[in-house]
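Coordinates from my_file_7.cif are shown below (mmCIF, C-alpha atoms).
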data_structure
#
loop_
_atom_site.group_PDB
_atom_site.id
_atom_site.type_symbol
_atom_site.label_atom_id
_atom_site.label_comp_id
_atom_site.auth_asym_id
_atom_site.auth_seq_id
_atom_site.Cartn_x
_atom_site.Cartn_y
_atom_site.Cartn_z
ATOM 1 C CA MET A 85 -31.195 5.540 -16.729
ATOM 2 C CA ASN A 86 -32.869 2.302 -17.677
ATOM 3 C CA ASN A 87 -30.502 -0.692 -17.637
ATOM 4 C CA ARG A 88 -33.210 -3.172 -18.556
ATOM 5 C CA GLY A 89 -31.800 -5.660 -21.028
ATOM 6 C CA LYS A 90 -28.300 -4.171 -20.855
ATOM 7 C CA LYS A 91 -25.292 -5.770 -19.242
ATOM 8 C CA SER A 92 -23.901 -3.874 -16.303
ATOM 9 C CA ASN A 93 -20.241 -4.568 -16.871
ATOM 10 C CA ILE A 94 -17.272 -3.158 -15.079
ATOM 11 C CA ASN A 95 -14.611 -2.228 -17.636
ATOM 12 C CA ILE A 96 -11.012 -2.388 -16.437
ATOM 13 C CA ASP A 97 -8.283 -1.578 -18.953
ATOM 14 C CA VAL A 98 -4.671 -2.073 -17.872
ATOM 15 C CA LYS A 99 -1.963 -0.763 -20.163
ATOM 16 C CA THR A 100 1.689 0.174 -19.986
ATOM 17 C CA VAL A 101 2.499 3.735 -21.017
ATOM 18 C CA ASP A 102 5.677 4.766 -22.898
ATOM 19 C CA SER A 103 7.435 5.727 -19.661
ATOM 20 C CA GLY A 104 6.930 2.179 -18.360
ATOM 21 C CA ASN A 105 4.275 3.229 -15.864
ATOM 22 C CA ILE A 106 1.080 1.197 -15.604
ATOM 23 C CA GLU A 107 -2.189 2.976 -16.283
ATOM 24 C CA VAL A 108 -5.480 1.450 -15.115
ATOM 25 C CA LEU A 109 -8.715 2.853 -16.575
ATOM 26 C CA VAL A 110 -11.939 1.786 -14.861
ATOM 27 C CA GLU A 111 -15.570 2.394 -15.812
ATOM 28 C CA ILE A 112 -18.501 1.277 -13.683
ATOM 29 C CA PRO A 113 -22.218 1.445 -14.545
ATOM 30 C CA HIS A 114 -24.668 3.829 -12.908
ATOM 31 C CA ALA A 115 -26.480 2.266 -9.948
ATOM 32 C CA ASP A 116 -29.976 1.001 -10.726
ATOM 33 C CA PRO A 117 -31.852 -0.568 -7.800
ATOM 34 C CA ARG A 118 -33.382 -3.248 -10.020
ATOM 35 C CA HIS A 119 -30.431 -4.228 -12.199
ATOM 36 C CA THR A 120 -27.109 -2.784 -11.068
ATOM 37 C CA PRO A 121 -25.842 -2.841 -7.485
ATOM 38 C CA GLU A 122 -24.250 0.123 -5.771
ATOM 39 C CA MET A 123 -20.459 -0.104 -5.864
ATOM 40 C CA VAL A 124 -17.374 1.770 -4.787
ATOM 41 C CA PHE A 125 -13.864 1.328 -6.225
ATOM 42 C CA SER A 126 -10.774 2.512 -4.383
ATOM 43 C CA THR A 127 -7.032 2.073 -4.800
ATOM 44 C CA SER A 128 -6.991 -1.064 -2.636
ATOM 45 C CA ASP A 129 -9.509 -2.694 -5.012
ATOM 46 C CA ILE A 130 -7.309 -1.901 -8.013
ATOM 47 C CA ILE A 131 -4.181 -3.243 -6.266
ATOM 48 C CA ARG A 132 -6.073 -6.455 -5.447
ATOM 49 C CA TYR A 133 -7.169 -6.750 -9.103
ATOM 50 C CA LEU A 134 -3.587 -6.273 -10.350
ATOM 51 C CA LYS A 135 -2.370 -8.939 -7.926
ATOM 52 C CA VAL A 136 -4.985 -11.433 -9.186
ATOM 53 C CA GLN A 137 -3.918 -10.637 -12.762
ATOM 54 C CA ASN A 138 -0.217 -11.156 -11.815
ATOM 55 C CA THR A 139 0.637 -7.606 -12.880
ATOM 56 C CA LEU A 140 3.731 -6.328 -11.096
ATOM 57 C CA HIS A 141 3.667 -2.628 -10.228
ATOM 58 C CA GLY A 142 5.354 -0.032 -8.071
ATOM 59 C CA GLU A 143 3.753 2.624 -5.918
ATOM 60 C CA CYS A 144 0.551 4.397 -6.928
ATOM 61 C CA ILE A 145 1.252 7.934 -8.195
ATOM 62 C CA LYS A 146 -2.316 8.850 -9.244
ATOM 63 C CA GLU A 147 -5.442 7.656 -7.453
ATOM 64 C CA SER A 148 -9.176 7.857 -8.058
ATOM 65 C CA MET A 149 -12.323 6.930 -6.188
ATOM 66 C CA LEU A 150 -15.355 5.609 -8.027
ATOM 67 C CA ASP A 151 -18.832 5.584 -6.534
ATOM 68 C CA ASN A 152 -21.971 4.955 -8.580
ATOM 69 C CA THR A 153 -24.437 6.081 -5.917
ATOM 70 C CA ALA A 154 -26.373 9.355 -5.952
ATOM 71 C CA PRO A 155 -26.257 12.339 -5.640
ATOM 72 C CA ALA A 156 -23.059 12.817 -7.684
ATOM 73 C CA PRO A 157 -21.838 9.484 -9.078
ATOM 74 C CA VAL A 158 -18.260 9.148 -10.318
ATOM 75 C CA LEU A 159 -18.311 6.417 -12.971
ATOM 76 C CA GLU A 160 -14.823 6.664 -14.530
ATOM 77 C CA GLY A 161 -11.373 6.862 -13.033
ATOM 78 C CA VAL A 162 -7.664 6.478 -13.767
ATOM 79 C CA TRP A 163 -4.965 5.015 -11.546
ATOM 80 C CA ILE A 164 -1.279 5.283 -12.471
ATOM 81 C CA PHE A 165 1.389 3.087 -10.898
ATOM 82 C CA LYS A 166 5.145 3.334 -11.248
ATOM 83 C CA LYS A 167 6.740 0.473 -13.116
ATOM 84 C CA HIS A 168 7.933 -2.461 -11.062
ATOM 85 C CA VAL A 169 11.615 -2.388 -10.178
ATOM 86 C CA LYS A 170 13.240 -5.589 -9.005
ATOM 87 C CA PRO A 171 14.924 -5.088 -5.651
ATOM 88 C CA LYS A 172 18.690 -5.351 -5.859
ATOM 89 C CA VAL A 173 20.201 -8.187 -3.893
ATOM 90 C CA THR A 174 23.335 -7.120 -2.084
ATOM 91 C CA ARG A 175 25.653 -9.709 -0.711
ATOM 92 C CA ALA A 176 28.140 -9.116 2.038
ATOM 93 C CA LYS A 177 31.665 -8.856 0.700
ATOM 94 C CA LYS A 178 34.177 -11.267 2.125
ATOM 95 C CA SER A 179 37.027 -9.658 3.990
ATOM 96 C CA SER A 180 40.446 -10.252 2.439
ATOM 97 C CA THR A 181 42.220 -9.926 5.778
ATOM 98 C CA VAL A 182 42.298 -12.809 8.195
ATOM 99 C CA PRO A 183 41.421 -11.814 11.740
ATOM 100 C CA SER A 184 44.340 -12.230 14.123
ATOM 101 C CA LYS A 185 44.097 -14.929 16.742
ATOM 102 C CA GLY A 186 44.781 -14.007 20.338
ATOM 103 C CA LYS A 187 47.205 -15.941 22.512
ATOM 104 C CA ALA A 188 45.725 -19.071 23.937
ATOM 105 C CA THR A 189 45.813 -19.119 27.698
ATOM 106 C CA THR A 190 46.289 -22.329 29.613
ATOM 107 C CA THR A 191 45.371 -23.006 33.173
ATOM 108 C CA SER A 192 46.864 -25.560 35.492
ATOM 109 C CA THR A 193 44.289 -28.027 36.712
ATOM 110 C CA THR A 194 46.547 -30.348 38.707
ATOM 111 C CA LYS A 195 46.465 -30.075 42.480
ATOM 112 C CA LYS A 196 49.613 -30.092 44.470
ATOM 113 C CA ALA A 197 49.739 -32.799 47.162
ATOM 114 C CA LYS A 198 50.082 -31.598 50.722
ATOM 115 C CA PRO A 199 53.186 -32.864 52.481
ATOM 116 C CA LYS A 200 52.370 -35.367 55.183
ATOM 117 C CA ASN A 201 53.228 -34.362 58.652
ATOM 118 C CA LEU A 202 55.536 -36.980 60.077
ATOM 119 C CA GLU A 203 54.783 -36.093 63.622
ATOM 120 C CA GLU A 204 51.213 -37.272 63.465
ATOM 121 C CA VAL A 205 52.141 -40.874 62.958
#

As structure tokens - that is how I would like this structure written.
Amino acid sequence: MNNRGKKSNINIDVKTVDSGNIEVLVEIPHADPRHTPEMVFSTSDIIRYLKVQNTLHGECIKESMLDNTAPAPVLEGVWIFKKHVKPKVTRAKKSSTVPSKGKATTTSTTKKAKPKNLEEV
């Protein structure tokens, strides 16, 4: 394949399907030592791309692996992510019962004076 004079673009198409899932279609050009570098695309690359594009998504339910190097290049792939679900914030419910207070204990801190022995005088 001669890429001379052609752009070697990477096409990434992100769209939302009827079910709300996010579908990412990727096409990469065939590797040409003079014009197009060798490249590999994995799920982590697609997640990084979606993050840069501020696209919220859930977990990946269909993955692909693109590799434009010989002997068997894979130049197109589809990734499908579940739609983003906002996490529910749960707050602790306040108890309607007041906890009972235990009896307060007091301690005596005064010392009793020893009686003086009159015989010692």

| request: Grab the atom CA of A:Asn93 to atom CA of A:Ile112 distance for me, in Å with one decimal place. | output: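 Taking atom CA of A:Asn93 and atom CA of A:Ile112, their separation equals 6.9 Å.
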
| request: Report as a VMD selection string the residues that result from applying the PyMOL selection byres ((chain A and resi 160-171) around 12) to the structure here. | output: chain A and resid 94 to 114 124 to 131 134 138 to 152 157 to 159 172 to 174

| task | Quick one: pull the distance between atom CA of A:Arg118 and atom CA of A:Ala156, Å, one decimal. | result |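 Between these atoms lies a distance of 19.2 Å.
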
Could you put an axis-aligned box around every listed atom of stretch 95-104 of chain A, padded by 3 Å on each side, and send me its centre and edge lengths in Å to one decimal, as AutoDock Vina command-line options?
--center_x -3.6 --center_y 1.7 --center_z -19.7 --size_x 28.0 --size_y 14.1 --size_z 12.5
